[in-house]
Amino acid sequence: MDIHDITVRKEDQTFDCKSIQIDPKALAITIVAFANADGGTIAIGVSDKNRKIEGGDQHTEKLNELLRVPLDFCNPSVPITSELLPCTDKDGNDNHILLMHIPASSELHANQADE
């Protein structure tokens with residue numbers, strides 16, 4: 001999956017885009033939904049409203065917080081894998097988006113909002 005694929009792919013039951021500004025609890029809802037279904041990929045740093053590439057390089061603390069979501073806000077925790085995908089952001093700067101790959105799980109997961 002490259003940056004072009006992400007900007008043109010429609011969101012569906014296995015793919016979602018999220019702004020870098022997403023609330024961690026809202027991200028947990030998507031992670032749990034993917035884990036409880038067929039798995040999927042979340043592209044963080046791509047506006048889900050207009051698909052503008054925000055990137056995450058200037059939001060290191062926020063990226064770290066979002067990477068903790070599967071551990072801190074999902075019960076039981078969801079074993080994701082992640083990668084930083086190089087891109088050019090909406091301002092023309094070199095940047096990265098975070099891809100979270102969520103596997104389908106044999107366990108039933110809940111987010112903190114469900115508890």
# chains A, B, ... in the order shown; residues from 1 in each chain; ligands from 1
call {"tool": "select_by_dssp", "arguments": {"residues": "range 29-115 of chain A", "states": "strand (DSSP E)", "output": "list in words"}}
result
Gly40, Thr41, Ile42, Ala43, Ile44, Cys74, Asn75, Thr81, Ser82, Glu83, Leu84, Leu85, Pro86, Cys87, Thr88, Asp94, Asn95, His96, Ile97, Leu98, Leu99, Met100, His101, Ile102, Ala110 and Asn111 of chain A
call {"tool": "residues_around", "arguments": {"residues": "His101 in chain A", "least_positions_apart": "6", "cutoff": "8 Å", "atoms": "only C-alpha atoms", "output": "VMD selection string"}}
result
chain A and resid 39 to 42 80 to 82
call {"tool": "write_last_selection", "arguments": {"atoms": "N, CA, C and O atoms", "output": "PDB file, in the first residue's frame"}}
result
ATOM      1  N   GLY A  39     -10.403  -7.692  10.520  1.00  0.00           N
ATOM      2  CA  GLY A  39      -9.127  -6.996  10.575  1.00  0.00           C
ATOM      3  C   GLY A  39      -9.155  -5.822   9.602  1.00  0.00           C
ATOM      4  O   GLY A  39     -10.150  -5.588   8.913  1.00  0.00           O
ATOM      5  N   GLY A  40      -8.055  -5.061   9.548  1.00  0.00           N
ATOM      6  CA  GLY A  40      -8.014  -3.933   8.627  1.00  0.00           C
ATOM      7  C   GLY A  40      -6.827  -3.035   8.870  1.00  0.00           C
ATOM      8  O   GLY A  40      -5.970  -3.316   9.708  1.00  0.00           O
ATOM      9  N   THR A  41      -6.806  -1.935   8.120  1.00  0.00           N
ATOM     10  CA  THR A  41      -5.725  -0.952   8.206  1.00  0.00           C
ATOM     11  C   THR A  41      -6.322   0.425   8.445  1.00  0.00           C
ATOM     12  O   THR A  41      -7.301   0.807   7.806  1.00  0.00           O
ATOM     13  N   ILE A  42      -5.687   1.169   9.358  1.00  0.00           N
ATOM     14  CA  ILE A  42      -6.071   2.549   9.622  1.00  0.00           C
ATOM     15  C   ILE A  42      -4.903   3.429   9.218  1.00  0.00           C
ATOM     16  O   ILE A  42      -3.773   3.212   9.661  1.00  0.00           O
ATOM     17  N   ILE A  80      -1.549  -4.970  17.391  1.00  0.00           N
ATOM     18  CA  ILE A  80      -1.404  -4.358  16.062  1.00  0.00           C
ATOM     19  C   ILE A  80       0.051  -4.379  15.610  1.00  0.00           C
ATOM     20  O   ILE A  80       0.960  -4.573  16.409  1.00  0.00           O
ATOM     21  N   THR A  81       0.252  -4.159  14.329  1.00  0.00           N
ATOM     22  CA  THR A  81       1.573  -3.809  13.819  1.00  0.00           C
ATOM     23  C   THR A  81       1.424  -2.432  13.189  1.00  0.00           C
ATOM     24  O   THR A  81       0.326  -2.033  12.777  1.00  0.00           O
ATOM     25  N   SER A  82       2.515  -1.693  13.152  1.00  0.00           N
ATOM     26  CA  SER A  82       2.435  -0.337  12.604  1.00  0.00           C
ATOM     27  C   SER A  82       3.656  -0.047  11.751  1.00  0.00           C
ATOM     28  O   SER A  82       4.694  -0.696  11.882  1.00  0.00           O
TER      29      SER A  82
END
call {"tool": "residues_around", "arguments": {"residues": "range 17-24 of chain A", "least_positions_apart": "3", "cutoff": "9 Å", "atoms": "only C-alpha atoms", "output": "PyMOL selection string"}}
result
chain A and resi 6-7+11+27-29+41-49+51+53-56+59+62-63+65-66+68-69+73+97-98
call {"tool": "closest_residue", "arguments": {"among": "A:Val8, A:Ile3, A:Cys87, A:Ile102", "to": "Thr30 in chain A", "atoms": "only C-alpha atoms"}}
result
A:Ile102
call {"tool": "atom_distance", "arguments": {"atom1": "CA of Asn36 in chain A", "atom2": "CA of Leu99 in chain A"}}
result
18.6 Å
call {"tool": "atom_distance", "arguments": {"atom1": "CA of Asn111 in chain A", "atom2": "CA of Cys74 in chain A"}}
result
4.6 Å
call {"tool": "atom_distance", "arguments": {"atom1": "CA of Ala35 in chain A", "atom2": "CA of Leu71 in chain A"}}
result
13.1 Å
call {"tool": "closest_residue", "arguments": {"among": "A:Gln58, A:Asn64, A:Gln112, A:Asn95", "to": "Ser77 in chain A", "atoms": "only C-alpha atoms"}}
result
A:Gln112
